[in-house]
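A.B. asks: What follows is upload_8.pdb, made up of PDB, C-alpha atoms and all ligand atoms:
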```pdb
ATOM      1  CA  MET B   1      25.581  -4.294   1.715
ATOM      2  CA  ASN B   2      28.875  -5.963   2.646
ATOM      3  CA  LYS B   3      30.314  -6.180   6.170
ATOM      4  CA  ALA B   4      32.977  -3.512   5.625
ATOM      5  CA  ARG B   5      30.381  -0.982   4.393
ATOM      6  CA  LYS B   6      28.110  -1.768   7.366
ATOM      7  CA  ALA B   7      31.011  -1.240   9.773
ATOM      8  CA  GLU B   8      31.912   2.038   8.037
ATOM      9  CA  ILE B   9      28.322   3.316   8.361
ATOM     10  CA  ALA B  10      28.200   2.248  12.028
ATOM     11  CA  ARG B  11      31.402   4.251  12.605
ATOM     12  CA  LEU B  12      29.963   7.311  10.824
ATOM     13  CA  ILE B  13      26.732   7.092  12.843
ATOM     14  CA  GLU B  14      28.773   6.852  16.050
ATOM     15  CA  SER B  15      30.806   9.940  15.081
ATOM     16  CA  GLY B  16      27.655  11.932  14.240
ATOM     17  CA  ASP B  17      28.592  12.348  10.544
ATOM     18  CA  TRP B  18      25.744  10.125   9.432
ATOM     19  CA  LEU B  19      22.067  10.288  10.407
ATOM     20  CA  HIS B  20      19.803   7.435   9.457
ATOM     21  CA  VAL B  21      16.115   6.620   9.746
ATOM     22  CA  ALA B  22      14.440   3.226  10.088
ATOM     23  CA  GLY B  23      13.788   1.627   6.698
ATOM     24  CA  SER B  24      16.374   3.685   4.762
ATOM     25  CA  ARG B  25      20.119   3.286   4.130
ATOM     26  CA  ARG B  26      20.784   6.852   3.083
ATOM     27  CA  ASN B  27      22.573   9.494   5.102
ATOM     28  CA  ILE B  28      19.757  11.973   5.680
ATOM     29  CA  LYS B  29      22.321  14.714   6.331
ATOM     30  CA  GLU B  30      22.686  14.769   2.537
ATOM     31  CA  HIS B  31      18.934  15.114   1.955
ATOM     32  CA  ASP B  32      17.195  18.496   1.590
ATOM     33  CA  TYR B  33      15.076  17.428   4.590
ATOM     34  CA  TYR B  34      18.082  17.976   6.851
ATOM     35  CA  LYS B  35      18.218  21.755   6.202
ATOM     36  CA  VAL B  36      14.657  22.092   7.533
ATOM     37  CA  VAL B  37      15.408  20.541  10.936
ATOM     38  CA  SER B  38      19.164  21.020  11.482
ATOM     39  CA  ASP B  39      18.608  23.878  13.975
ATOM     40  CA  LEU B  40      16.248  21.689  16.036
ATOM     41  CA  LEU B  41      18.610  18.720  16.001
ATOM     42  CA  GLY B  42      21.247  20.773  17.788
ATOM     43  CA  LEU B  43      18.991  21.636  20.744
ATOM     44  CA  ASP B  44      19.688  19.946  24.092
ATOM     45  CA  GLU B  45      15.979  19.198  24.609
ATOM     46  CA  VAL B  46      15.910  17.234  21.334
ATOM     47  CA  GLN B  47      19.243  15.469  21.943
ATOM     48  CA  GLN B  48      18.046  14.446  25.423
ATOM     49  CA  LEU B  49      15.371  12.291  23.778
ATOM     50  CA  LYS B  50      18.173   9.771  23.154
ATOM     51  CA  ASP B  51      18.050   8.966  26.881
ATOM     52  CA  PHE B  52      14.536   7.527  26.695
ATOM     53  CA  ARG B  53      13.608   4.101  25.383
ATOM     54  CA  HIS B  54      10.666   4.252  22.984
ATOM     55  CA  HIS B  55       8.439   1.543  21.455
ATOM     56  CA  ILE B  56      10.536  -1.128  23.219
ATOM     57  CA  VAL B  57      13.359  -1.343  20.650
ATOM     58  CA  THR B  58      14.408   2.223  19.860
ATOM     59  CA  ASN B  59      14.913   5.558  21.619
ATOM     60  CA  ARG B  60      12.650   8.603  21.504
ATOM     61  CA  PHE B  61      15.114  10.643  19.436
ATOM     62  CA  GLN B  62      15.326   7.981  16.704
ATOM     63  CA  HIS B  63      11.533   7.565  16.679
ATOM     64  CA  SER B  64      11.016  11.343  16.399
ATOM     65  CA  LEU B  65      13.577  11.524  13.582
ATOM     66  CA  ASN B  66      11.853   8.658  11.733
ATOM     67  CA  VAL B  67       8.450  10.351  12.053
ATOM     68  CA  SER B  68       9.869  13.730  11.051
ATOM     69  CA  TYR B  69      11.619  12.395   7.927
ATOM     70  CA  TYR B  70       8.700  10.313   6.617
ATOM     71  CA  ASN B  71       6.204  13.022   7.497
ATOM     72  CA  TYR B  72       8.287  15.477   5.440
ATOM     73  CA  ARG B  73       8.548  13.087   2.476
ATOM     74  CA  LEU B  74       4.849  12.232   2.460
ATOM     75  CA  CYS B  75       3.653  15.814   2.934
ATOM     76  CA  ARG B  76       5.963  17.001   0.142
ATOM     77  CA  LEU B  77       4.609  14.301  -2.137
ATOM     78  CA  LEU B  78       1.072  15.455  -1.317
ATOM     79  CA  ARG B  79       2.056  19.125  -1.856
ATOM     80  CA  LEU B  80       1.322  19.988   1.780
ATOM     81  CA  ASP B  81       3.406  22.067   4.185
ATOM     82  CA  ALA B  82       6.390  19.699   4.347
ATOM     83  CA  GLU B  83       8.573  22.034   6.427
ATOM     84  CA  SER B  84       6.034  22.286   9.254
ATOM     85  CA  ALA B  85       5.504  18.527   8.931
ATOM     86  CA  ALA B  86       9.233  17.869   9.427
ATOM     87  CA  ARG B  87       9.536  20.208  12.406
ATOM     88  CA  ALA B  88       6.378  19.019  14.174
ATOM     89  CA  GLY B  89       7.412  15.401  13.529
ATOM     90  CA  LEU B  90      10.673  15.978  15.346
ATOM     91  CA  LEU B  91       8.923  17.667  18.293
ATOM     92  CA  HIS B  92       5.750  15.574  18.563
ATOM     93  CA  ASP B  93       7.096  13.370  21.402
ATOM     94  CA  LEU B  94       9.240  15.979  23.167
ATOM     95  CA  TYR B  95       8.237  14.853  26.654
ATOM     96  CA  ASP B  96      10.941  14.397  29.243
ATOM     97  CA  TYR B  97      10.040  11.403  31.363
ATOM     98  CA  ASP B  98      10.121   7.642  31.009
ATOM     99  CA  THR B  99       6.739   6.436  29.728
ATOM    100  CA  LYS B 100       6.729   3.452  32.089
ATOM    101  CA  HIS B 101       7.018   5.823  35.058
ATOM    102  CA  TYR B 102       3.817   7.637  34.104
ATOM    103  CA  THR B 103       1.043   6.714  36.506
ATOM    104  CA  SER B 104      -2.449   7.715  35.457
ATOM    105  CA  GLY B 105      -3.604   7.749  39.105
ATOM    106  CA  VAL B 106      -1.447  10.814  39.735
ATOM    107  CA  HIS B 107      -2.631  12.650  36.602
ATOM    108  CA  SER B 108      -6.275  13.017  35.588
ATOM    109  CA  LEU B 109      -5.423  12.071  31.979
ATOM    110  CA  ARG B 110      -4.207   8.897  30.326
ATOM    111  CA  HIS B 111      -0.657   9.028  28.994
ATOM    112  CA  SER B 112      -1.907   9.092  25.386
ATOM    113  CA  ALA B 113      -3.681  12.393  26.104
ATOM    114  CA  TYR B 114      -1.106  13.842  28.468
ATOM    115  CA  HIS B 115       2.224  13.497  26.649
ATOM    116  CA  PRO B 116       1.247  15.515  23.516
ATOM    117  CA  MET B 117       0.452  18.479  25.797
ATOM    118  CA  VAL B 118       3.809  18.182  27.561
ATOM    119  CA  ALA B 119       5.536  17.944  24.164
ATOM    120  CA  LEU B 120       3.768  21.094  22.932
ATOM    121  CA  GLU B 121       4.547  23.060  26.085
ATOM    122  CA  ARG B 122       8.226  22.133  25.871
ATOM    123  CA  ALA B 123       8.403  22.803  22.129
ATOM    124  CA  GLU B 124       6.847  26.268  22.547
ATOM    125  CA  ALA B 125       9.402  27.051  25.237
ATOM    126  CA  ILE B 126      12.361  26.476  22.898
ATOM    127  CA  VAL B 127      11.247  27.504  19.361
ATOM    128  CA  PRO B 128       8.442  29.453  17.650
ATOM    129  CA  ILE B 129       5.625  27.057  16.725
ATOM    130  CA  ASN B 130       3.056  27.839  14.003
ATOM    131  CA  ASP B 131      -0.639  26.786  14.036
ATOM    132  CA  ARG B 132      -0.104  23.735  11.838
ATOM    133  CA  GLU B 133       2.800  22.496  13.957
ATOM    134  CA  ARG B 134       0.759  23.050  17.139
ATOM    135  CA  ASP B 135      -2.139  21.010  15.732
ATOM    136  CA  MET B 136       0.212  18.223  14.633
ATOM    137  CA  ILE B 137       1.963  17.969  18.004
ATOM    138  CA  VAL B 138      -1.062  18.150  20.272
ATOM    139  CA  LYS B 139      -3.324  15.872  18.172
ATOM    140  CA  HIS B 140      -0.802  13.293  16.997
ATOM    141  CA  MET B 141      -2.506  10.534  19.002
ATOM    142  CA  TRP B 142      -5.807  10.840  17.099
ATOM    143  CA  PRO B 143      -7.995   8.713  16.926
ATOM    144  CA  VAL B 144      -6.827   7.356  20.312
ATOM    145  CA  THR B 145      -7.552  10.843  21.633
ATOM    146  CA  PRO B 146     -10.834  12.402  20.462
ATOM    147  CA  ALA B 147      -9.796  15.897  19.219
ATOM    148  CA  ARG B 148      -9.959  15.807  15.411
ATOM    149  CA  PRO B 149      -7.029  17.186  13.396
ATOM    150  CA  LYS B 150      -7.623  20.589  11.840
ATOM    151  CA  TYR B 151      -5.047  20.258   9.049
ATOM    152  CA  ALA B 152      -4.273  17.623   6.417
ATOM    153  CA  GLU B 153      -0.672  17.532   7.689
ATOM    154  CA  THR B 154      -1.935  16.358  11.098
ATOM    155  CA  TYR B 155      -3.796  13.428   9.513
ATOM    156  CA  VAL B 156      -0.583  12.499   7.701
ATOM    157  CA  LEU B 157       1.420  12.656  10.942
ATOM    158  CA  THR B 158      -1.065  10.465  12.830
ATOM    159  CA  PHE B 159      -0.582   7.838  10.107
ATOM    160  CA  VAL B 160       3.228   8.221   9.892
ATOM    161  CA  ASP B 161       3.595   7.997  13.697
ATOM    162  CA  LYS B 162       1.845   4.614  13.709
ATOM    163  CA  TYR B 163       3.668   3.412  10.589
ATOM    164  CA  CYS B 164       7.032   4.248  12.216
ATOM    165  CA  ALA B 165       6.092   2.423  15.425
ATOM    166  CA  VAL B 166       5.494  -0.717  13.339
ATOM    167  CA  ILE B 167       8.699  -0.551  11.255
ATOM    168  CA  GLU B 168      10.794   0.306  14.314
ATOM    169  CA  PHE B 169       9.534  -2.838  15.967
ATOM    170  CA  LEU B 170       9.819  -5.187  12.978
ATOM    171  CA  LEU B 171      12.889  -4.043  11.018
ATOM    172  CA  PRO B 172      15.581  -4.808  13.622
ATOM    173  CA  GLN B 173      14.317  -8.351  13.840
ATOM    174  CA  PRO B 174      14.385  -9.772  10.279
ATOM    175  CA  LYS B 175      15.967 -12.994  11.560
ATOM    176  CA  ARG B 176      13.161 -13.496  14.065
ATOM    177  CA  LEU B 177      10.585 -12.800  11.322
ATOM    178  CA  ARG B 178      12.248 -15.259   8.913
ATOM    179  CA  THR B 179      12.308 -17.947  11.633
ATOM    180  CA  TRP B 180       8.641 -17.322  12.377
ATOM    181  CA  VAL B 181       7.653 -17.577   8.685
ATOM    182  CA  LYS B 182       9.746 -20.764   8.224
ATOM    183  CA  LYS B 183       8.159 -22.365  11.274
ATOM    184  CA  ARG B 184       4.651 -21.521  10.061
ATOM    185  CA  ARG B 185       5.453 -23.102   6.670
ATOM    186  CA  SER B 186       6.911 -26.286   8.163
ATOM    187  CA  ASP B 187       3.930 -26.583  10.587
ATOM    188  CA  ARG B 188       1.557 -26.318   7.637
ATOM    189  CA  LYS B 189       3.499 -28.982   5.700
ATOM    190  CA  GLU B 190       3.479 -31.246   8.739
ATOM    191  CA  ARG B 191      -0.302 -30.851   9.118
ATOM    192  CA  ARG B 192      -0.786 -31.697   5.415
ATOM    193  CA  ARG B 193       1.399 -34.805   5.774
ATOM    194  CA  GLU B 194      -0.593 -35.933   8.811
ATOM    195  CA  LYS B 195      -3.895 -35.454   6.975
ATOM    196  CA  ALA B 196      -2.623 -37.447   3.980
ATOM    197  CA  LEU B 197      -1.467 -40.227   6.298
ATOM    198  CA  MET B 198      -4.838 -40.304   8.072
ATOM    199  CA  ARG B 199      -6.578 -40.618   4.704
ATOM    200  CA  THR B 200      -4.450 -43.598   3.641
ATOM    201  CA  ILE B 201      -5.052 -45.308   7.008
ATOM    202  CA  SER B 202      -8.824 -44.838   6.843
ATOM    203  CA  VAL B 203      -9.042 -46.215   3.242
TER     204      VAL B 203
HETATM  205 FE    FE Z 301       3.371  10.224  21.042
HETATM  206 FE    FE Z 302       5.337   9.179  18.295
END
```
The structure in this file should be written as structure tokens.
Ligand SMILES: [Fe+2]
Ligand SMILES: [Fe+2]
C.D. replies:
Amino acid sequence: MNKARKAEIARLIESGDWLHVAGSRRNIKEHDYYKVVSDLLGLDEVQQLKDFRHHIVTNRFQHSLNVSYYNYRLCRLLRLDAESAARAGLLHDLYDYDTKHYTSGVHSLRHSAYHPMVALERAEAIVPINDRERDMIVKHMWPVTPARPKYAETYVLTFVDKYCAVIEFLLPQPKRLRTWVKKRRSDRKERRREKALMRTISV
């Protein structure tokens, strides 16, 4: 993609005419996925997720959108309930506090067990939630939390959530990755050269 196109997309994202997810260059407003979640995207509670940093390099809104989109795509591919998957994906982290301010001493639960319950409570307060969506939201941390998913869609979401956390962390840093790979290669070459030199000296 050339510089002008990148700048144009950045402008469209800024204006709200373009929605993107990590790992894809398409405008997801043009995808059939968008129709399934457009009502949720307009809610203040969902928009407020932009105020919270998430997984170090992104915000909670972008992470939830990533999970929602890929959960929809994967569940549709597997002929599961893709609509519930998209909606629960968008709401699975709907908690309204900064994760680093959570202190387990104050609550009896660890954050991994606590935040899905807050997300579910808040989601149920703003939209009707079906059984599948409830299971997906409240058990999305499995197997970190012990309650086993009841539905196939929940297993998919637990995988997609972790997959998104990884790509969110790695994709914005391709330069850093390339530098790391180059350094590893040159270190290996250097070690081989040293070994060869040692062999010629010892002969
Ligand atoms: Fe979460
Ligand atoms: Fe998440």
A.B. asks: With all atoms listed in the file as the counted atoms, please give the residues lying no more than 10 Å from Tyr163 in chain B, apart from itself and same-chain residues fewer than 6 positions off, as number ranges by chain.
C.D. replies: B: 66-67, 70, 157
A.B. asks: At a cut-off of 8 Å around ligand FE 301 (chain Z), and using only C-alpha atoms and all ligand atoms, what residues come up? Please write them as a ChimeraX atom specification.
C.D. replies: /B:92-93,112,115-116,140-141,161
A.B. asks: Go ahead and write the selection's residues with C-alpha atoms as a compact mmCIF listing (two decimals), in the frame of the given file.
C.D. replies:
```txt
# COMPACT_ATOMS: atom_id res chain seq x y z
CA HIS B 92 5.75 15.57 18.56
CA ASP B 93 7.10 13.37 21.40
CA SER B 112 -1.91 9.09 25.39
CA HIS B 115 2.22 13.50 26.65
CA PRO B 116 1.25 15.52 23.52
CA HIS B 140 -0.80 13.29 17.00
CA MET B 141 -2.51 10.53 19.00
CA ASP B 161 3.60 8.00 13.70
```
A.B. asks: Let me know the residues the PyMOL selection byres (((chain B and resi 151) around 10) and not hetatm) catches in the file above, as a list in words.
C.D. replies: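 Expected selection for the PyMOL selection byres (((chain B and resi 151) around 10) and not hetatm) here is Leu80, Asp81, Asp131, Arg132, Glu133, Asp135, Met136, Arg148, Pro149, Lys150, Ala152, Glu153, Thr154, Tyr155 and Val156 of chain B.
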A.B. asks: Tell me which protein, DNA and RNA residues are within 10 Å of range 2-9 of chain B, counting all atoms listed in the file, leaving out same-chain ones fewer than 2 positions away, and put them as a compact mmCIF listing (two decimals) with C-alpha atoms, keeping the file's coordinate frame.
C.D. replies:
```
# COMPACT_ATOMS: atom_id res chain seq x y z
CA ARG B 11 31.40 4.25 12.60
CA LEU B 12 29.96 7.31 10.82
CA ILE B 13 26.73 7.09 12.84
CA GLU B 14 28.77 6.85 16.05
CA SER B 15 30.81 9.94 15.08
CA ASP B 17 28.59 12.35 10.54
CA TRP B 18 25.74 10.12 9.43
CA LEU B 19 22.07 10.29 10.41
CA HIS B 20 19.80 7.44 9.46
CA ARG B 25 20.12 3.29 4.13
CA ARG B 26 20.78 6.85 3.08
CA ASN B 27 22.57 9.49 5.10
```
A.B. asks: Need the shell around range 34-51 of chain B: protein/DNA/RNA residues with any atom at most 7 Å away, counting only C-alpha atoms. Skip same-chain ones fewer than 3 positions apart. Format as a list in words?
C.D. replies: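 Near range 34-51 of chain B, the qualifying residues are Ile28, Lys29, His31, Asn59, Arg60, Phe61, Glu83, Ala86 and Arg87 of chain B.
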A.B. asks: What does the distance from CA of Tyr114 in chain B to CA of Gln62 in chain B come to in Å, to one decimal?
C.D. replies: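 Value for the CA of Tyr114 in chain B-CA of Gln62 in chain B distance: 21.0 Å.
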A.B. asks: With 9 Å as the threshold, what does the neighbourhood of (12.6, 0.2, 17.8) contain in terms of residues, counting all atoms listed in the file? Coordinates are those of the file; answer as a list in words.
C.D. replies: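 All residues meeting the 9 Å criterion around (12.6, 0.2, 17.8) are Ala22, Arg53, His54, His55, Ile56, Val57, Thr58, Asn59, Gln62, His63, Cys164, Ala165, Val166, Ile167, Glu168, Phe169, Leu170, Leu171 and Pro172 of chain B.
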A.B. asks: Excluding Tyr102 in chain B and its own-chain neighbours fewer than 6 positions away, which residues fall within 12 Å of it when counting only C-alpha atoms? Please give them as a list in words.
C.D. replies: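 Everything that qualifies: Tyr95, Asp96, Ser108, Leu109, Arg110, His111, Ser112, Ala113, Tyr114 and His115 of chain B.
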A.B. asks: I'd like to know which of B:Lys162, B:Ile126, B:Val144, B:Thr99 is closest to ligand FE 302 (chain Z), using all atoms listed in the file.
C.D. replies: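 Using all atoms listed in the file, the shortest distance to ligand FE 302 (chain Z) belongs to B:Lys162.
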A.B. asks: Can you measure CA of Thr158 in chain B to CA of Lys139 in chain B for me? One decimal in Å is fine.
C.D. replies: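 Computing the Euclidean distance for CA of Thr158 in chain B and CA of Lys139 in chain B yields 7.9 Å.
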A.B. asks: Kindly indicate which residue among B:Val181, B:Val138, B:Ala196, B:Leu78 lies nearest to ligand FE 302 (chain Z), using only C-alpha atoms and all ligand atoms for the distances.
C.D. replies: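 Among the listed residues, B:Val138 lies closest to ligand FE 302 (chain Z).
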A.B. asks: Range 113-128 of chain B, all listed atoms, 5 Å padding on each side: what axis-aligned box centre and edge lengths in Å to one decimal come out, as AutoDock Vina command-line options?
C.D. replies:
```
--center_x 4.3 --center_y 20.9 --center_z 23.1 --size_x 26.0 --size_y 27.1 --size_z 20.8
```
A.B. asks: If you measure from CA of Asn71 in chain B to CA of Tyr33 in chain B, what distance in Å do you get, rounded to one decimal?
C.D. replies: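 Computed distance, CA of Asn71 in chain B to CA of Tyr33 in chain B, equals 10.3 Å.
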A.B. asks: Let me make sure I understand: among B:Met198, B:Leu77, B:Val160, B:Ala125, which one has the smallest atom-to-atom distance to ligand FE 302 (chain Z) if we use all atoms listed in the file?
C.D. replies: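 Selected residue with least distance to ligand FE 302 (chain Z): B:Val160.
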A.B. asks: Smallest atom-to-atom distance to ligand FE 302 (chain Z): which of B:Leu90, B:Phe52, B:Asp32, B:His107, using only C-alpha atoms and all ligand atoms?
C.D. replies: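 Closest candidate: B:Leu90.
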A.B. asks: Of the candidates B:His101, B:Leu91, B:Ala85, B:Ala123, which one gets nearest to ligand FE 302 (chain Z) if we count all atoms listed in the file?
C.D. replies: B:Leu91
